[in-house]
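Q: Take a look at this one; I'll ask things after.
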Amino acid sequence: MPARGWILTLLLAATVAVAGRTDPPRITRVWLTHRSPDPGKIVVNWETDRPGPSVVRYGTTPAYGSVARSDTPVTLHHVEIPLHRKGGVYHYRVETGDAASADATFKAYPEDRLRVAVAANWPGTTDLGALEREDVHLLLTGGDHISNLWNACGAGVKDCTKPFGQLVDRFPTLFRSTPFMPVLGNHDREIRPRGPKPPAEPVYDIEATAYRRFFELPADEWKWHFDVPEFGVRFVALDFNHLSDQGTTWQTCHPLGKDSEQYAWYRDLMEKTRTPFVVTLYNERHATVRAQAGGDWGRMISRGTLAITGFGHFAERAEVDGCSYYNTALVAGARYPDPHSRFLAGEKSYLVLTFEKNPRRLTVEVKRLHDGAVLHRNEHHPRTTPE
């Protein structure tokens, strides 16, 4: 056979070998979320470098005993499993084809004391040791988990989840052991550089395509609520950031005027909510939010217990109409004090919310990031709701 024929034969054989490769997909990262407002279910998420089926083995011992699966070949895997037990620890392992993760664990929701952490402004953070030692049952956020999408994905690309995968990779133990429910910030959907003035094309993907694809969350995902009935608490996520840019190509979040879907949804939710505690989360300055829709947003939020944001890089608690407004950030820098501030510190911080049943109460601690020291503590009691 001529030399050219041998070369073509070898190339064909190599192509066939690659196309028929049988080595298993590689599992690159694992994280936990909720896509139902019911704490009796949890979603196990993972990524693989090639498509394959999704299998989760789980149970209260390393022997597992239960399995949930989907045979649809995907690279981004989301499998919801039921949780039948209160307290204790669940074990789980994910599998795609012949690839399997190591055994991992998470805490079941408790019967006595519920502990929830809230963190915001994640870019640049490399050490969450103090927060991880809190060993909470649930991790919420006040927005801004990545710097932007365009730097890693290219300008204008909406569905690239790579930056969120890099976030999980920075704190793998935290994300595979603690259910994570984020709240949207403007950086989480920045698909083009912002620039000094509004450009011709939108800078932000208002629908947050990549974020919603990566994180499995309740309802519309850009707004959601999550309940833990045993402790009388409802967590509510709103889509607020850069509100002054509404109507321009800098617009980053969904509308919030009186004729908007978001306004009607929150109004109806708050009117129907009878839980002792309501915690509202978003990523905008509190004073700005309270003034929206002629002050209606402030009045609606004040029907709850407290509101939390990650706007600016400081720690704060303000008090307005019986509602506490907290600001927290994993970085320190720009401060935008609330006119009704009761506590203010230029510290890197996170929050720990502790809910107790008897008597029913909520304690909020503002904690310093590098050592977990308590900077501020405040106790909240059940709200009264109109019948």
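Following the order of the structure tokens, first chain is A, next is B, and so on, with residues numbered from 1 inside each chain and ligands from 1 in the order they appear.
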For Asn241 (chain A), work out the shell of residues within 9 Å, counting only C-alpha atoms and skipping chain neighbours fewer than 5 positions away, then give it as a PyMOL selection string.

A: chain A and resi 184-186+251-253+282-285+311

Q: Residues within 12 Å of Asp169 (chain A), please, as a PyMOL selection string. Count only C-alpha atoms; anything in the same chain fewer than 6 positions from it doesn't count.

A: chain A and resi 28-31+46-47+126+162-163+175-176

Q: Of the residues A:Ile27, A:Ala291, A:Val157, A:Leu330, which is the one nearest to Pro123 (chain A), using only C-alpha atoms?

A: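 Under the stated criterion, the closest residue is A:Leu330.
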
Q: Work out how far CA of Lys367 (chain A) is from CA of Thr354 (chain A), in Å to one decimal.

A: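 Interatomic distance, CA of Thr354 (chain A) to CA of Lys367 (chain A): 12.9 Å.
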
Q: Report as a PyMOL selection string all protein, DNA and RNA residues lying within 10 Å of Arg213 (chain A), evaluated on only C-alpha atoms, omitting residues in the same chain fewer than 6 positions from it.

A: chain A and resi 76+78+159-161+221

Q: Just list the residues in region 149-229 of chain A DSSP gives alpha helix (DSSP H) on the backbone, as a PyMOL selection string.

A: chain A and resi 150-153+162-170+172-177+209-214

Q: Quick one: residues within 12 Å of Leu139 (chain A), only C-alpha atoms counted, chain neighbours fewer than 2 positions away excluded, as a ChimeraX atom specification?

A: /A:31-34,114-120,131-132,134-137,141-142,174-183,235,350-353

Q: What's around Arg317 (chain A) at 10 Å? Count only C-alpha atoms, leave out sequence neighbours fewer than 3 positions away in its own chain, and write the answer as an mmCIF file with C-alpha atoms, in the first residue's frame.

A:
```cif
data_model
loop_
_atom_site.group_PDB
_atom_site.id
_atom_site.type_symbol
_atom_site.label_atom_id
_atom_site.label_comp_id
_atom_site.auth_asym_id
_atom_site.auth_seq_id
_atom_site.Cartn_x
_atom_site.Cartn_y
_atom_site.Cartn_z
ATOM 1 C CA LEU A 306 -35.995 41.443 58.305
ATOM 2 C CA ALA A 307 -34.415 42.143 54.916
ATOM 3 C CA ILE A 308 -30.859 41.267 53.852
ATOM 4 C CA SER A 324 -34.459 45.159 60.569
ATOM 5 C CA TYR A 325 -32.382 45.742 57.429
ATOM 6 C CA TYR A 326 -29.005 43.983 57.271
ATOM 7 C CA ASN A 327 -26.106 44.484 54.869
ATOM 8 C CA THR A 328 -23.283 41.948 54.629
ATOM 9 C CA PRO A 337 -24.897 53.800 55.289
ATOM 10 C CA ASP A 338 -28.633 53.556 55.779
ATOM 11 C CA HIS A 340 -31.625 54.521 59.988
ATOM 12 C CA SER A 341 -28.428 52.617 60.758
ATOM 13 C CA ARG A 342 -28.066 51.148 64.266
ATOM 14 C CA PHE A 343 -24.820 49.250 63.662
ATOM 15 C CA LEU A 344 -22.149 49.901 61.016
ATOM 16 C CA ALA A 345 -18.699 48.363 60.505
ATOM 17 C CA VAL A 366 -23.131 39.558 62.173
ATOM 18 C CA HIS A 376 -23.298 42.461 66.352
ATOM 19 C CA ARG A 377 -26.202 40.400 67.676
ATOM 20 C CA ASN A 378 -29.914 41.099 67.620
#
```

Q: Could you check the closest approach to Ser70 (chain A) for each of A:Glu95, A:Glu201, A:Asp296, A:Asp23 and tell me which residue wins, using only C-alpha atoms?

A: A:Glu95

Q: Give me the residues near Asp98 (chain A) as a PDB file with N, CA and C atoms, in the first residue's frame, where near means some atom within 10 Å (using only C-alpha atoms) and where sequence neighbours in that chain fewer than 6 positions away do not count.

A:
```pdb
ATOM      1  N   THR A  22     -14.546   4.596  25.310  1.00  0.00           N
ATOM      2  CA  THR A  22     -15.360   3.993  26.363  1.00  0.00           C
ATOM      3  C   THR A  22     -14.935   4.424  27.761  1.00  0.00           C
ATOM      4  N   ASP A  23     -13.900   5.284  27.852  1.00  0.00           N
ATOM      5  CA  ASP A  23     -13.514   5.739  29.176  1.00  0.00           C
ATOM      6  C   ASP A  23     -14.650   6.562  29.763  1.00  0.00           C
ATOM      7  N   PRO A  24     -14.887   6.467  31.086  1.00  0.00           N
ATOM      8  CA  PRO A  24     -16.076   7.092  31.687  1.00  0.00           C
ATOM      9  C   PRO A  24     -15.997   8.617  31.671  1.00  0.00           C
ATOM     10  N   PRO A  25     -17.147   9.288  31.666  1.00  0.00           N
ATOM     11  CA  PRO A  25     -17.147  10.745  31.832  1.00  0.00           C
ATOM     12  C   PRO A  25     -16.484  11.115  33.157  1.00  0.00           C
ATOM     13  N   ARG A  26     -15.908  12.290  33.207  1.00  0.00           N
ATOM     14  CA  ARG A  26     -15.260  12.752  34.431  1.00  0.00           C
ATOM     15  C   ARG A  26     -16.205  13.675  35.188  1.00  0.00           C
ATOM     16  N   GLY A  52     -23.988  11.984  29.840  1.00  0.00           N
ATOM     17  CA  GLY A  52     -24.254  10.664  30.384  1.00  0.00           C
ATOM     18  C   GLY A  52     -25.469  10.706  31.281  1.00  0.00           C
TER      19      GLY A  52
END
```

Q: Identify, on the basis of only C-alpha atoms, every residue whose closest approach to Tyr263 (chain A) does not exceed 12 Å; exclude the query and any residue fewer than 3 positions from it along the same chain; express the result as JSON, numbers by chain.

A: {"A": [223, 238, 239, 240, 254, 255, 256, 257, 258, 259, 260, 266, 267, 268, 269, 270, 289, 292, 293, 296, 297, 298, 300, 301]}

Q: Given only C-alpha atoms as the basis, pick out the residue of A:Gly87, A:Pro51, A:Gly294, A:Gly59 nearest to Asp71 (chain A).

A: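 Using only C-alpha atoms, the shortest distance to Asp71 (chain A) belongs to A:Pro51.
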
Q: Here is a test: counting only C-alpha atoms, which residue of A:Arg35, A:His313, A:Arg290, A:Arg274 is nearest to Gly143 (chain A)?

A: A:His313

Q: Given the choices A:His286, A:His381, A:Arg234, A:Lys86, which gets closest to Gly322 (chain A) if the distance is worked out from only C-alpha atoms?

A: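 Looking at the shortest contact to Gly322 (chain A), the residue is A:His381.
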
Q: Run DSSP on the backbone of this structure and report the residues of region 224-254 of chain A it assigns to strand (DSSP E or B), as a ChimeraX atom specification.

A: /A:224-228,233-237

Q: What would the file look like if the residues just selected were written as a PDB file, in the first residue's frame with N, CA and C atoms?

A:
```pdb
ATOM      1  N   TRP A 224     -38.058  33.690  44.202  1.00  0.00           N
ATOM      2  CA  TRP A 224     -38.507  32.422  44.775  1.00  0.00           C
ATOM      3  C   TRP A 224     -38.809  32.597  46.252  1.00  0.00           C
ATOM      4  N   HIS A 225     -39.483  31.601  46.831  1.00  0.00           N
ATOM      5  CA  HIS A 225     -39.587  31.550  48.284  1.00  0.00           C
ATOM      6  C   HIS A 225     -39.326  30.110  48.728  1.00  0.00           C
ATOM      7  N   PHE A 226     -38.831  29.978  49.949  1.00  0.00           N
ATOM      8  CA  PHE A 226     -38.483  28.680  50.517  1.00  0.00           C
ATOM      9  C   PHE A 226     -38.917  28.680  51.982  1.00  0.00           C
ATOM     10  N   ASP A 227     -39.644  27.652  52.388  1.00  0.00           N
ATOM     11  CA  ASP A 227     -40.224  27.598  53.725  1.00  0.00           C
ATOM     12  C   ASP A 227     -39.633  26.470  54.558  1.00  0.00           C
ATOM     13  N   VAL A 228     -39.449  26.740  55.830  1.00  0.00           N
ATOM     14  CA  VAL A 228     -39.120  25.688  56.799  1.00  0.00           C
ATOM     15  C   VAL A 228     -40.201  25.764  57.875  1.00  0.00           C
ATOM     16  N   VAL A 233     -40.573  29.868  59.385  1.00  0.00           N
ATOM     17  CA  VAL A 233     -39.862  30.878  58.610  1.00  0.00           C
ATOM     18  C   VAL A 233     -40.101  30.690  57.120  1.00  0.00           C
ATOM     19  N   ARG A 234     -40.249  31.812  56.451  1.00  0.00           N
ATOM     20  CA  ARG A 234     -40.308  31.864  54.986  1.00  0.00           C
ATOM     21  C   ARG A 234     -39.194  32.793  54.504  1.00  0.00           C
ATOM     22  N   PHE A 235     -38.345  32.270  53.606  1.00  0.00           N
ATOM     23  CA  PHE A 235     -37.311  33.069  52.957  1.00  0.00           C
ATOM     24  C   PHE A 235     -37.818  33.465  51.574  1.00  0.00           C
ATOM     25  N   VAL A 236     -37.633  34.741  51.217  1.00  0.00           N
ATOM     26  CA  VAL A 236     -38.127  35.250  49.934  1.00  0.00           C
ATOM     27  C   VAL A 236     -36.989  35.944  49.204  1.00  0.00           C
ATOM     28  N   ALA A 237     -36.775  35.568  47.937  1.00  0.00           N
ATOM     29  CA  ALA A 237     -35.740  36.190  47.112  1.00  0.00           C
ATOM     30  C   ALA A 237     -36.385  37.104  46.085  1.00  0.00           C
TER      31      ALA A 237
END
```

Q: From the set A:Phe214, A:Tyr58, A:Tyr64, A:Trp122, which residue has the shortest atom-to-atom contact distance to Ser349 (chain A), counting only C-alpha atoms?

A: A:Trp122
